[in-house]
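S.K.: I am sharing input12.cif, which consists of mmCIF, C-alpha atoms:
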data_work
#
loop_
_atom_site.label_atom_id
_atom_site.label_comp_id
_atom_site.auth_asym_id
_atom_site.auth_seq_id
_atom_site.Cartn_x
_atom_site.Cartn_y
_atom_site.Cartn_z
CA MET A 325 0.00 0.00 0.00
CA GLY A 326 1.23 3.51 -0.84
CA ARG A 327 0.40 6.76 0.94
CA SER A 328 -2.39 7.09 3.46
CA TYR A 329 -5.03 9.81 3.37
CA ILE A 330 -6.82 10.76 6.56
CA VAL A 331 -10.03 12.40 5.38
CA ASP A 332 -12.51 14.43 7.41
CA VAL A 333 -16.05 13.07 7.43
CA VAL A 334 -17.18 16.48 6.16
CA VAL A 335 -15.60 15.52 2.83
CA GLU A 336 -17.49 12.22 2.84
CA ARG A 337 -20.78 14.06 3.30
CA TYR A 338 -19.84 16.47 0.53
CA PHE A 339 -19.21 13.61 -1.90
CA SER A 340 -22.63 12.15 -1.16
CA SER A 341 -24.19 15.38 -2.46
CA VAL A 342 -22.05 15.62 -5.59
CA GLU A 343 -23.36 13.87 -8.66
CA ALA A 344 -22.08 13.55 -12.20
CA SER A 345 -23.60 16.18 -14.47
CA GLY A 346 -26.06 14.27 -16.62
CA ALA A 347 -24.22 11.60 -18.58
CA ALA A 348 -20.87 13.28 -18.10
CA CYS A 349 -18.46 13.68 -15.20
CA THR A 350 -17.90 16.13 -12.37
CA THR A 351 -14.39 17.32 -11.52
CA GLY A 352 -13.18 18.90 -8.31
CA LEU A 353 -10.27 19.59 -5.99
CA LEU A 354 -9.06 18.00 -2.76
CA ILE A 355 -7.62 20.36 -0.15
CA GLY A 356 -5.55 19.73 2.96
CA GLN A 357 -2.05 19.23 4.33
CA SER A 358 0.82 16.91 3.50
CA SER A 359 3.27 15.22 5.82
CA PRO A 360 6.04 12.68 5.16
CA GLN A 361 3.93 9.81 6.49
CA ARG A 362 0.39 10.71 5.41
CA ASP A 363 -1.82 13.45 4.02
CA PHE A 364 -4.86 15.09 5.61
CA VAL A 365 -7.84 16.00 3.42
CA VAL A 366 -10.16 18.48 5.11
CA LEU A 367 -12.06 20.16 2.26
CA SER A 368 -13.26 19.42 -1.26
CA THR A 369 -14.91 21.56 -3.89
CA LYS A 370 -16.31 20.76 -7.31
CA THR A 371 -15.41 22.77 -10.39
CA PRO A 372 -18.10 25.41 -11.05
CA GLN A 373 -19.99 25.19 -14.29
CA ARG A 374 -18.55 27.45 -16.96
CA GLY A 375 -21.27 29.88 -18.00
CA ASN A 376 -24.09 28.17 -19.84
CA GLU A 377 -21.88 25.48 -21.32
CA SER A 378 -23.24 21.96 -21.02
CA SER A 379 -21.20 18.81 -20.50
CA SER A 380 -20.03 17.06 -23.61
CA GLY A 381 -20.66 13.60 -22.19
CA THR A 382 -17.10 12.37 -22.72
CA LEU A 383 -13.96 12.51 -20.61
CA ASP A 384 -11.91 13.50 -23.65
CA ASN A 385 -13.54 16.93 -23.58
CA VAL A 386 -13.04 17.78 -19.91
CA ASP A 387 -12.27 21.51 -19.78
CA VAL A 388 -8.71 21.33 -18.44
CA ASP A 389 -8.17 25.08 -18.66
CA TRP A 390 -11.26 25.75 -16.57
CA VAL A 391 -10.20 23.21 -13.96
CA THR A 392 -6.75 24.79 -13.64
CA GLU A 393 -8.17 28.32 -13.37
CA HIS A 394 -10.46 27.10 -10.62
CA ALA A 395 -7.46 25.55 -8.87
CA LYS A 396 -5.64 28.89 -9.04
CA GLN A 397 -8.60 30.68 -7.48
CA VAL A 398 -8.88 28.07 -4.73
CA SER A 399 -5.16 28.17 -4.01
CA SER A 400 -5.26 31.95 -3.51
CA MET A 401 -7.96 31.47 -0.84
CA LEU A 402 -5.96 29.03 1.27
CA PRO A 403 -3.78 30.02 4.25
CA GLY A 404 -0.25 28.77 4.81
CA GLY A 405 0.18 25.05 5.35
CA ILE A 406 -2.99 24.17 3.42
CA SER A 407 -2.89 23.49 -0.30
CA VAL A 408 -4.50 21.67 -3.21
CA LEU A 409 -3.52 18.02 -2.76
CA GLY A 410 -5.10 16.63 -5.88
CA VAL A 411 -8.30 16.17 -7.86
CA PHE A 412 -11.41 14.03 -7.76
CA LEU A 413 -13.62 12.81 -10.57
CA VAL A 414 -17.21 11.62 -10.29
CA VAL A 415 -18.07 9.38 -13.25
CA PRO A 416 -20.81 6.94 -14.24
CA PRO A 417 -19.83 3.23 -14.37
CA GLU A 418 -19.50 3.19 -18.16
CA MET A 419 -16.68 5.77 -17.98
CA SER A 420 -14.70 4.20 -15.15
CA LYS A 421 -12.03 2.68 -17.41
CA GLU A 422 -11.22 6.04 -18.99
CA ALA A 423 -11.12 7.90 -15.68
CA THR A 424 -7.53 7.05 -14.71
CA ASN A 425 -6.02 8.74 -17.76
CA THR A 426 -8.18 11.83 -17.24
CA LEU A 427 -7.22 12.03 -13.56
CA ARG A 428 -3.54 11.65 -14.40
CA LYS A 429 -3.75 14.50 -16.90
CA LEU A 430 -5.55 16.77 -14.46
CA VAL A 431 -3.15 16.04 -11.59
CA PHE A 432 -0.08 16.98 -13.61
CA VAL A 433 -1.60 20.03 -15.30
CA VAL A 434 -3.01 21.47 -12.08
CA ASP A 435 0.26 21.03 -10.19
CA LYS A 436 2.27 22.62 -13.01
CA TYR A 437 -0.13 25.56 -13.24
CA LEU A 438 -0.07 26.23 -9.49
CA SER A 439 3.74 26.04 -9.41
CA LYS A 440 4.11 28.64 -12.15
CA GLY A 441 5.15 32.07 -10.92
CA ARG A 442 5.51 31.15 -7.25
CA LEU A 443 7.99 33.15 -5.18
CA TRP A 444 9.23 30.08 -3.34
CA TYR A 445 10.68 26.74 -4.34
CA ASP A 446 9.98 23.20 -3.22
CA THR A 447 12.38 21.63 -0.75
CA GLU A 448 13.48 18.03 -0.31
CA GLU A 449 10.93 17.68 2.49
CA ASP A 450 8.00 18.59 0.25
CA VAL A 451 5.78 15.68 -0.75
CA THR A 452 5.64 15.26 -4.53
CA GLU A 453 2.80 12.75 -4.71
CA ARG A 454 -0.67 14.07 -5.57
CA VAL A 455 -3.92 12.26 -5.01
CA ALA A 456 -6.36 11.27 -7.76
CA LEU A 457 -9.74 10.12 -6.49
CA GLN A 458 -12.29 8.36 -8.68
CA ILE A 459 -15.90 8.13 -7.46
CA CYS A 460 -18.62 6.09 -9.12
CA SER A 461 -21.78 8.19 -9.42
CA LYS A 462 -24.06 5.18 -8.87
CA THR A 463 -22.33 2.86 -6.40
CA ARG A 464 -20.28 5.66 -4.72
CA LYS A 465 -17.29 3.31 -4.80
CA ILE A 466 -13.99 5.12 -4.33
CA ILE A 467 -10.67 4.34 -6.01
CA CYS A 468 -7.73 6.28 -4.58
CA LYS A 469 -4.41 6.54 -6.40
CA THR A 470 -1.41 8.85 -6.39
CA PHE A 471 1.00 10.20 -9.00
CA ASP A 472 4.49 11.60 -8.46
CA VAL A 473 4.28 14.98 -10.19
CA LYS A 474 8.08 15.29 -10.36
CA ASP A 475 8.25 12.18 -12.53
CA PRO A 476 6.57 12.73 -15.93
CA LYS A 477 6.51 8.97 -16.46
CA SER A 478 4.96 8.25 -13.08
CA SER A 479 2.33 5.55 -13.04
CA ALA A 480 -0.62 5.34 -10.66
CA LYS A 481 0.04 3.92 -7.20
CA PRO A 482 -2.72 2.66 -4.89
CA ALA A 483 -3.34 4.67 -1.73
CA GLU A 484 -5.41 4.25 1.42
CA TRP A 485 -8.44 6.52 1.89
CA LYS A 486 -9.69 6.58 5.48
CA TYR A 487 -12.41 8.78 7.00
CA GLN A 488 -12.09 10.33 10.44
CA SER A 489 -13.95 13.02 12.35
CA GLY A 490 -12.44 16.29 13.54
CA VAL A 491 -9.23 15.99 11.50
CA SER A 492 -8.40 19.70 11.68
CA SER A 493 -10.05 20.54 15.01
CA THR A 494 -6.77 20.72 16.97
CA TRP A 495 -4.43 22.01 14.28
CA PRO A 496 -2.12 24.66 15.77
CA VAL A 497 -2.44 28.03 14.05
CA VAL A 498 0.40 30.53 13.60
CA THR A 499 -0.44 34.19 12.92
CA CYS A 500 1.88 36.95 11.78
CA SER A 501 1.61 40.60 10.72
CA VAL A 502 4.33 41.70 8.31
CA GLY A 503 5.31 45.18 7.18
CA ILE A 504 5.95 45.63 3.47
CA ASN A 505 7.78 48.65 2.06
CA LEU A 506 9.14 48.01 -1.42
CA ARG A 507 10.10 50.27 -4.30
CA LEU A 508 10.44 48.30 -7.50
CA PRO A 509 11.95 50.13 -10.50
CA VAL A 510 10.24 49.29 -13.76
CA SER A 511 11.19 49.43 -17.42
CA ASP A 512 9.23 51.58 -19.85
CA LYS A 513 9.73 49.42 -22.94
CA SER A 514 6.58 47.33 -22.72
CA LEU A 515 4.07 45.98 -20.25
CA GLU A 516 5.74 42.59 -20.45
CA ASP A 517 9.05 44.18 -19.42
CA THR A 518 7.28 45.96 -16.58
CA GLN A 519 5.87 42.71 -15.30
CA THR A 520 9.29 41.08 -15.55
CA CYS A 521 10.91 43.92 -13.56
CA ILE A 522 8.35 43.70 -10.78
CA ARG A 523 8.58 39.92 -10.67
CA GLU A 524 12.36 40.10 -10.40
CA GLY A 525 12.04 42.68 -7.63
CA LEU A 526 9.64 40.45 -5.72
CA GLN A 527 11.98 37.49 -6.17
CA ARG A 528 14.82 39.47 -4.56
CA TRP A 529 12.49 40.39 -1.71
CA ALA A 530 11.37 36.75 -1.44
CA LYS A 531 14.99 35.68 -0.87
CA ARG A 532 15.14 37.95 2.18
CA ILE A 533 11.85 36.57 3.49
CA THR A 534 13.13 33.02 3.00
CA ALA A 535 16.39 33.85 4.80
CA GLY A 536 14.57 35.51 7.71
CA THR A 537 14.46 34.15 11.26
CA CYS A 538 11.11 33.34 12.82
CA LEU A 539 10.27 33.79 16.50
CA PHE A 540 7.27 32.05 18.03
CA ASN A 541 5.64 33.80 20.96
CA GLY A 542 8.81 35.88 21.18
CA LYS A 543 11.15 32.90 21.40
CA PHE A 544 13.58 31.35 18.95
CA MET A 545 13.12 27.62 18.35
CA ALA A 546 15.51 25.28 16.58
CA GLN A 547 14.17 23.80 13.34
CA GLU A 548 13.68 20.31 14.81
CA THR A 549 12.04 21.52 18.02
CA GLU A 550 8.42 20.43 18.47
CA LEU A 551 6.24 23.48 18.14
CA VAL A 552 3.79 22.37 20.81
CA ALA A 553 5.89 20.13 23.03
CA GLY A 554 4.95 18.24 26.18
CA GLN A 555 1.28 17.67 25.32
CA LYS A 556 -0.48 14.33 25.22
CA LYS A 557 -2.85 13.50 22.43
CA ASN A 558 -6.34 14.43 23.54
CA PRO A 559 -9.22 15.07 21.12
CA LYS A 560 -10.73 17.54 23.61
CA LEU A 561 -7.67 19.81 23.60
CA SER A 562 -8.32 23.30 22.28
CA GLN A 563 -6.52 24.66 19.26
CA GLN A 564 -3.08 26.08 20.06
CA LYS A 565 -2.43 29.62 18.81
CA LEU A 566 1.05 31.04 18.31
CA GLN A 567 2.20 34.50 17.31
CA ALA A 568 5.13 34.64 14.89
CA GLN A 569 7.56 37.48 14.29
CA LEU A 570 9.80 37.52 11.24
CA LEU A 571 13.28 39.07 11.54
CA LEU A 572 14.84 39.88 8.18
CA PRO A 573 18.58 39.86 7.48
CA PRO A 574 20.20 43.12 6.29
CA GLU A 575 19.92 43.72 2.59
CA GLU A 576 23.17 42.81 0.89
CA CYS A 577 24.60 44.16 -2.34
CA GLN A 578 24.49 41.47 -4.97
CA PRO A 579 27.65 40.87 -7.10
CA GLU A 580 25.85 41.88 -10.27
CA GLN A 581 24.89 45.20 -8.65
CA THR A 582 28.42 46.32 -7.79
CA CYS A 583 29.01 48.12 -11.10
CA CYS A 584 27.61 51.53 -11.98
CA VAL A 585 25.17 51.68 -14.87
CA VAL A 586 23.95 54.93 -16.42
CA SER A 587 20.37 54.70 -17.63
CA GLN A 588 17.32 56.82 -18.24
CA PRO A 589 15.23 57.47 -15.11
CA SER A 590 12.11 55.33 -15.03
CA ALA A 591 8.94 54.95 -13.05
CA SER A 592 8.70 52.74 -10.01
CA VAL A 593 5.97 50.75 -8.33
CA VAL A 594 5.78 51.08 -4.55
CA ILE A 595 4.18 48.40 -2.41
CA ARG A 596 3.72 49.54 1.15
CA GLY A 597 1.57 48.38 4.05
CA GLN A 598 0.86 45.72 6.63
CA VAL A 599 -0.34 42.26 5.60
CA SER A 600 -1.98 39.69 7.83
CA CYS A 601 -0.78 36.10 7.46
CA ARG A 602 -1.53 32.77 9.08
CA ALA A 603 -0.61 29.14 8.73
CA TYR A 604 -2.01 25.84 10.02
CA LEU A 605 -0.03 22.75 10.94
CA HIS A 606 -1.16 19.16 11.22
CA SER A 607 -1.20 18.01 14.83
CA ASN A 608 1.19 15.08 14.34
CA LYS A 609 4.06 16.68 16.29
CA PRO A 610 4.74 19.67 13.99
CA LYS A 611 8.26 21.10 14.12
CA ALA A 612 9.27 24.74 14.36
CA GLY A 613 10.92 24.44 10.96
CA GLN A 614 7.62 23.39 9.38
CA ALA A 615 5.83 26.34 10.97
CA THR A 616 8.52 28.74 9.75
CA GLU A 617 8.26 27.47 6.21
CA ALA A 618 4.45 27.56 6.21
CA ILE A 619 4.16 31.16 7.46
CA LYS A 620 6.89 32.40 5.10
CA ARG A 621 5.12 30.84 2.12
CA ASP A 622 1.86 32.47 3.16
CA ILE A 623 3.59 35.87 3.27
CA LEU A 624 4.96 35.36 -0.23
CA ASN A 625 1.70 33.99 -1.60
CA THR A 626 -0.53 36.82 -0.37
CA VAL A 627 1.74 39.55 -1.74
CA SER A 628 2.22 37.74 -5.05
CA CYS A 629 -1.53 37.20 -5.38
CA ARG A 630 -2.31 40.90 -5.02
CA VAL A 631 0.38 41.91 -7.51
CA ASP A 632 -0.93 39.34 -9.99
CA MET A 633 -4.37 40.91 -9.66
CA LEU A 634 -2.78 44.24 -10.54
CA PHE A 635 -1.30 42.89 -13.76
CA ASP A 636 -4.52 41.19 -14.76
CA ASP A 637 -6.02 44.64 -14.82
CA LEU A 638 -2.91 46.29 -16.28
CA PHE A 639 -3.11 44.32 -19.52
CA MET A 640 -6.88 44.71 -19.63
CA SER A 641 -6.53 48.47 -19.22
CA GLN A 642 -4.15 48.72 -22.15
CA ALA A 643 -6.42 46.62 -24.34
CA GLN A 644 -9.47 48.74 -23.51
CA GLY A 645 -7.63 52.08 -23.71
CA ARG A 646 -8.87 53.54 -20.44
CA GLY A 647 -8.05 57.11 -19.55
CA ALA A 648 -5.45 58.20 -17.01
CA VAL A 649 -6.52 58.32 -13.38
CA GLU A 650 -4.97 58.63 -9.94
CA LYS A 651 -1.65 56.95 -9.23
CA ARG A 652 -2.45 55.52 -5.81
CA HIS A 653 -4.82 52.80 -4.75
CA SER A 654 -5.40 50.65 -1.69
CA LEU A 655 -4.82 47.04 -2.55
CA PRO A 656 -7.58 44.58 -1.61
CA LEU A 657 -7.75 43.69 2.06
CA ARG A 658 -7.33 40.09 3.13
CA VAL A 659 -10.25 38.72 5.10
CA PHE A 660 -10.57 35.38 6.87
CA ALA A 661 -13.55 33.16 7.59
CA PRO A 662 -13.82 29.87 9.50
CA VAL A 663 -14.88 26.83 7.52
CA PRO A 664 -17.99 25.23 9.06
CA GLU A 665 -17.27 22.08 11.07
CA ALA A 666 -13.51 22.57 10.66
CA GLY A 667 -10.61 23.96 12.67
CA PHE A 668 -9.18 26.33 10.08
CA CYS A 669 -10.04 29.47 8.12
CA VAL A 670 -9.96 30.30 4.45
CA CYS A 671 -9.34 33.78 3.06
CA ASP A 672 -10.41 36.12 0.31
CA TYR A 673 -9.54 39.64 -0.89
CA MET A 674 -12.06 42.45 -0.49
CA PHE A 675 -11.87 45.84 -2.16
CA PRO A 676 -13.02 49.03 -0.41
CA ASP A 677 -16.13 49.23 -2.57
CA GLU A 678 -17.07 45.61 -2.01
CA SER A 679 -19.56 44.35 0.54
CA VAL A 680 -19.18 41.38 2.83
CA SER A 681 -22.04 39.72 0.98
CA ALA A 682 -19.91 39.71 -2.19
CA VAL A 683 -17.19 37.82 -0.32
CA THR A 684 -19.78 35.34 0.92
CA GLU A 685 -20.92 34.74 -2.65
CA HIS A 686 -17.33 34.21 -3.73
CA PHE A 687 -16.77 31.60 -1.03
CA GLN A 688 -19.90 29.83 -2.23
CA GLU A 689 -18.88 29.99 -5.88
CA ILE A 690 -15.24 28.94 -5.61
CA LEU A 691 -15.19 26.71 -2.52
CA ASP A 692 -18.82 25.56 -2.71
CA CYS A 693 -18.97 26.44 0.97
CA THR A 694 -21.70 28.35 2.80
CA ILE A 695 -20.12 30.83 5.22
CA PRO A 696 -22.29 33.31 7.19
CA GLU A 697 -21.47 36.99 6.69
CA GLU A 698 -21.13 37.58 10.41
CA SER A 699 -18.32 35.03 10.68
CA ILE A 700 -16.07 36.82 8.16
CA ASN A 701 -13.28 38.73 9.89
CA THR A 702 -12.70 41.96 7.96
CA GLY A 703 -10.74 43.82 10.63
CA LEU A 704 -7.27 42.28 10.34
CA GLU A 705 -6.20 44.66 7.58
CA VAL A 706 -7.87 48.02 8.08
CA SER A 707 -8.31 50.30 5.08
CA ARG A 708 -6.98 53.72 5.98
CA GLU A 709 -5.51 56.54 3.94
CA GLU A 710 -1.78 56.85 4.48
CA PRO A 711 0.07 60.11 3.85
CA HIS A 712 2.69 59.85 1.13
CA LYS A 713 6.14 58.89 2.36
CA PRO A 714 9.22 57.92 0.37
CA ALA A 715 9.71 54.18 0.26
CA HIS A 716 12.93 52.63 1.46
CA SER A 717 14.66 49.74 -0.21
CA THR A 718 14.97 47.72 3.01
CA GLY A 719 11.47 46.32 2.68
CA ASP A 720 11.15 45.66 6.42
CA SER A 721 9.70 48.84 7.87
CA CYS A 722 6.36 50.56 7.50
CA GLN A 723 3.52 52.13 9.40
CA GLU A 724 2.36 49.69 12.04
CA ASP A 725 -1.31 50.07 11.14
CA ALA A 726 -1.01 51.09 7.52
CA PRO A 727 -3.13 49.23 4.97
CA ALA A 728 -1.53 47.50 2.03
CA GLN A 729 -1.15 50.09 -0.72
CA LEU A 730 0.41 50.28 -4.12
CA HIS A 731 1.20 53.46 -6.01
CA THR A 732 3.52 54.67 -8.75
CA GLU A 733 6.14 57.37 -8.84
CA ALA A 734 8.35 58.91 -11.52
CA PRO A 735 11.24 61.41 -11.34
CA GLN A 736 10.16 64.98 -12.05
CA ASP A 737 12.82 65.43 -14.73
CA VAL A 738 11.59 62.62 -16.91
CA PRO A 739 10.68 63.88 -20.40
CA LYS A 740 7.00 63.61 -21.26
CA LYS A 741 7.66 60.84 -23.77
CA GLN A 742 9.10 58.77 -20.90
CA ARG A 743 5.95 59.02 -18.76
CA SER A 744 3.92 56.48 -20.69
CA LEU A 745 4.71 53.76 -18.17
CA GLU A 746 3.64 55.92 -15.26
CA TYR A 747 0.42 56.47 -17.13
CA PHE A 748 -0.21 52.77 -17.63
CA VAL A 749 0.74 51.68 -14.13
CA GLY A 750 -1.23 54.45 -12.49
CA LEU A 751 -4.16 53.62 -14.71
CA ALA A 752 -4.09 49.98 -13.63
CA VAL A 753 -3.63 50.69 -9.94
CA ALA A 754 -6.34 53.28 -9.38
CA GLY A 755 -8.63 52.94 -12.35
CA GLY A 756 -9.27 49.21 -12.20
CA VAL A 757 -11.12 48.87 -8.92
CA ALA A 758 -14.17 47.32 -10.53
CA LEU A 759 -12.16 44.98 -12.75
CA LEU A 760 -9.82 43.99 -9.95
CA ALA A 761 -12.82 43.18 -7.84
CA ALA A 762 -14.20 41.13 -10.71
CA ALA A 763 -10.87 39.34 -11.00
CA THR A 764 -11.58 37.65 -7.68
CA SER A 765 -14.48 35.86 -9.33
CA LEU A 766 -13.98 32.76 -11.42
CA LEU A 767 -16.58 34.09 -13.83
CA TYR A 768 -14.20 36.87 -14.85
CA LEU A 769 -11.68 34.28 -16.00
CA GLY A 770 -14.07 32.93 -18.54
CA GLU A 771 -14.98 36.20 -20.22
#
Can the structure in the file be given as structure tokens, please?
M.R.:
Amino acid sequence: MGRSYIVDVVVERYFSSVEASGAACTTGLLIGQSSPQRDFVVLSTKTPQRGNESSSGTLDNVDVDWVTEHAKQVSSMLPGGISVLGVFLVVPPEMSKEATNTLRKLVFVVDKYLSKGRLWYDTEEDVTERVALQICSKTRKIICKTFDVKDPKSSAKPAEWKYQSGVSSTWPVVTCSVGINLRLPVSDKSLEDTQTCIREGLQRWAKRITAGTCLFNGKFMAQETELVAGQKKNPKLSQQKLQAQLLLPPEECQPEQTCCVVSQPSASVVIRGQVSCRAYLHSNKPKAGQATEAIKRDILNTVSCRVDMLFDDLFMSQAQGRGAVEKRHSLPLRVFAPVPEAGFCVCDYMFPDESVSAVTEHFQEILDCTIPEESINTGLEVSREEPHKPAHSTGDSCQEDAPAQLHTEAPQDVPKKQRSLEYFVGLAVAGGVALLAAATSLLYLGE
């Protein structure tokens, strides 16, 4: 027997309500945590229907692009430590023989898509096997297999699928508030060059985050130290909460930056504010090193997600030829909401002009999860106007209670013909509130 999957009974109940669409299949995602010994599946969500399109009735025509876009949306709504573990497929008996090939294709494509553009890299400790679950729509029989996504020639391996109640109820949670203050110089040649410059700037910042030292409840812990030591296993124990603080190393001059280069002054994108992060850890003796890695990845993911939303609108703005507008804009605020009958929260991004009800609808659409409005915590990142201050290149200081903001700047002596980039970036940042808000909806991706 291969890997073992400990699955919350909430997932079992969800599967009982999911049926194949007509004569065709239903695809979906499996969400949880991985560990060297076993994986924990705590949430599942089916792929939303794409507009008014009807199922083709064959597995050959499964909309892979739509499944991967859904996976991207879901991944952006998950806190640190929790990720997309694989896919499931509900099929009628007559399609069961074809299902394995379809599942294999989806597993590899989804993993490749989610890995693209990340600000962090897998380590040797990361599990590379992904789960592929086949469910018969009539008998409800389950076939669980895994594929090693790092091996393109990987064949299916059998895995154990075992239900259990309260899987995530005692998962320790680590919270962290991080100050961001970045000035990223950008090229004015093309929008693609601009995106490349900002991505390279974020990658340099990500290296500092990765090299940072994490304190838990004000104390340093060695990587192999148990995060919650000295406790006996007890299902009635309450969830442990830890506060993390990230200490960044001093910014060093890179070898390639030691020479002087004369160039035309250009615009710059400034990302400044305070972001709220959190990570969950499986309760099987988590180590301090695992907690450090999980919270750092959440920091990188939430910043990267918001910048990606900016560029979605940037290219759309150029295509639609919108007029110039203000150069500053508050980035969407991260909000958290507890998943019913679970011990963890999911997140979303809410713009100043959005209502909590819109976030609730988004949770329902993307995660197929009903979350009451009153349970959504919107106060962790407070929207507040911040007076303009010059950004520093250190990236580790900012106003303690400042919201996450992004604005553009350009030197005053830049000739008018050089200000086109400032125009485009400012246009995307401040003028695209409605489109950026729409970008949080899967429906936008299909238009």
S.K.: Can you tell me, as a PDB file with C-alpha atoms, in the frame of the given file, what residues are no more than 9 Å from A:Ser479 when counting only C-alpha atoms, ignoring any on the same chain fewer than 5 positions away?
M.R.:
ATOM      1  CA  ARG A 428      -3.540  11.650 -14.400  1.00  0.00           C
ATOM      2  CA  THR A 470      -1.410   8.850  -6.390  1.00  0.00           C
ATOM      3  CA  PHE A 471       1.000  10.200  -9.000  1.00  0.00           C
ATOM      4  CA  ASP A 472       4.490  11.600  -8.460  1.00  0.00           C
TER       5      ASP A 472
END
S.K.: Hey, what's within 12 Å of A:Trp485 if we count all atoms listed in the file and toss same-chain stuff fewer than 2 positions away? As a list in words, please?
M.R.: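 What passes the distance filter is Met325, Gly326, Arg327, Ser328, Tyr329, Ile330, Val331, Asp332, Val333, Val335, Glu336, Arg362, Asp363, Phe364, Val365, Val455, Ala456, Leu457, Gln458, Lys465, Ile466, Ile467, Cys468, Lys469, Thr470, Pro482, Ala483, Tyr487 and Gln488 of chain A.
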S.K.: Output C-alpha atoms of each residue in that selection to a file, as a CSV table (one decimal), in the coordinates of the input.
M.R.:
chain,number,residue,atom,x,y,z
A,325,MET,CA,0.0,0.0,0.0
A,326,GLY,CA,1.2,3.5,-0.8
A,327,ARG,CA,0.4,6.8,0.9
A,328,SER,CA,-2.4,7.1,3.5
A,329,TYR,CA,-5.0,9.8,3.4
A,330,ILE,CA,-6.8,10.8,6.6
A,331,VAL,CA,-10.0,12.4,5.4
A,332,ASP,CA,-12.5,14.4,7.4
A,333,VAL,CA,-16.0,13.1,7.4
A,335,VAL,CA,-15.6,15.5,2.8
A,336,GLU,CA,-17.5,12.2,2.8
A,362,ARG,CA,0.4,10.7,5.4
A,363,ASP,CA,-1.8,13.4,4.0
A,364,PHE,CA,-4.9,15.1,5.6
A,365,VAL,CA,-7.8,16.0,3.4
A,455,VAL,CA,-3.9,12.3,-5.0
A,456,ALA,CA,-6.4,11.3,-7.8
A,457,LEU,CA,-9.7,10.1,-6.5
A,458,GLN,CA,-12.3,8.4,-8.7
A,465,LYS,CA,-17.3,3.3,-4.8
A,466,ILE,CA,-14.0,5.1,-4.3
A,467,ILE,CA,-10.7,4.3,-6.0
A,468,CYS,CA,-7.7,6.3,-4.6
A,469,LYS,CA,-4.4,6.5,-6.4
A,470,THR,CA,-1.4,8.8,-6.4
A,482,PRO,CA,-2.7,2.7,-4.9
A,483,ALA,CA,-3.3,4.7,-1.7
A,487,TYR,CA,-12.4,8.8,7.0
A,488,GLN,CA,-12.1,10.3,10.4
S.K.: Care to translate the PyMOL selection byres ((chain A and resi 492-505) around 7) into actual residues of this file, as JSON, numbers by chain?
M.R.: {"A": [366, 490, 491, 506, 507, 561, 562, 563, 564, 565, 566, 567, 568, 569, 595, 596, 597, 598, 599, 600, 601, 602, 603, 604, 605, 606, 607, 666, 667, 668, 715, 716, 719, 720, 721, 722]}
S.K.: Go through A:Gly703, A:Gly352, A:Pro664, A:Pro656 one by one, measure the shortest atom-to-atom distance of each to A:Phe412 using all atoms listed in the file, and give the residue with the smallest value.
M.R.: A:Gly352
S.K.: Mind giving me the straight-line distance from atom CA of A:Cys538 to atom CA of A:Leu367 in Å, one decimal?
M.R.: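 Separation between atom CA of A:Cys538 and atom CA of A:Leu367: 28.7 Å.
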S.K.: What gap, in Å, lies between atom CA of A:Arg374 and atom CA of A:Asp387?
M.R.: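 Computed distance, atom CA of A:Arg374 to atom CA of A:Asp387, equals 9.1 Å.
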S.K.: Pull out every residue that the PyMOL selection byres ((chain A and resi 404) around 10) matches in the shown coordinates and put them as number ranges by chain.
M.R.: A: 357, 401-403, 405-407, 497-499, 601-605, 615, 617-626, 670
S.K.: Would you fill the gaps in stretch 352-360 of chain A so it has N, CA and C atoms, then print it as a PDB file, keeping the file's coordinate frame?
M.R.:
ATOM      1  N   GLY A 352     -13.313  18.086  -9.512  1.00  0.00           N
ATOM      2  CA  GLY A 352     -13.180  18.900  -8.310  1.00  0.00           C
ATOM      3  C   GLY A 352     -11.800  18.781  -7.710  1.00  0.00           C
ATOM      4  N   LEU A 353     -11.581  19.521  -6.640  1.00  0.00           N
ATOM      5  CA  LEU A 353     -10.270  19.590  -5.990  1.00  0.00           C
ATOM      6  C   LEU A 353     -10.330  19.062  -4.573  1.00  0.00           C
ATOM      7  N   LEU A 354      -9.217  18.486  -4.128  1.00  0.00           N
ATOM      8  CA  LEU A 354      -9.060  18.000  -2.760  1.00  0.00           C
ATOM      9  C   LEU A 354      -8.051  18.890  -2.050  1.00  0.00           C
ATOM     10  N   ILE A 355      -8.408  19.345  -0.857  1.00  0.00           N
ATOM     11  CA  ILE A 355      -7.620  20.360  -0.150  1.00  0.00           C
ATOM     12  C   ILE A 355      -7.234  19.855   1.231  1.00  0.00           C
ATOM     13  N   GLY A 356      -5.990  20.150   1.636  1.00  0.00           N
ATOM     14  CA  GLY A 356      -5.550  19.730   2.960  1.00  0.00           C
ATOM     15  C   GLY A 356      -4.078  19.971   3.184  1.00  0.00           C
ATOM     16  N   GLN A 357      -3.464  19.109   3.985  1.00  0.00           N
ATOM     17  CA  GLN A 357      -2.050  19.230   4.330  1.00  0.00           C
ATOM     18  C   GLN A 357      -1.318  17.926   4.045  1.00  0.00           C
ATOM     19  N   SER A 358      -0.033  18.079   3.740  1.00  0.00           N
ATOM     20  CA  SER A 358       0.820  16.910   3.500  1.00  0.00           C
ATOM     21  C   SER A 358       1.818  16.754   4.634  1.00  0.00           C
ATOM     22  N   SER A 359       2.197  15.521   4.874  1.00  0.00           N
ATOM     23  CA  SER A 359       3.270  15.220   5.820  1.00  0.00           C
ATOM     24  C   SER A 359       4.041  14.038   5.246  1.00  0.00           C
ATOM     25  N   PRO A 360       5.245  13.787   5.718  1.00  0.00           N
ATOM     26  CA  PRO A 360       6.040  12.680   5.160  1.00  0.00           C
ATOM     27  C   PRO A 360       5.336  11.332   5.236  1.00  0.00           C
TER      28      PRO A 360
END
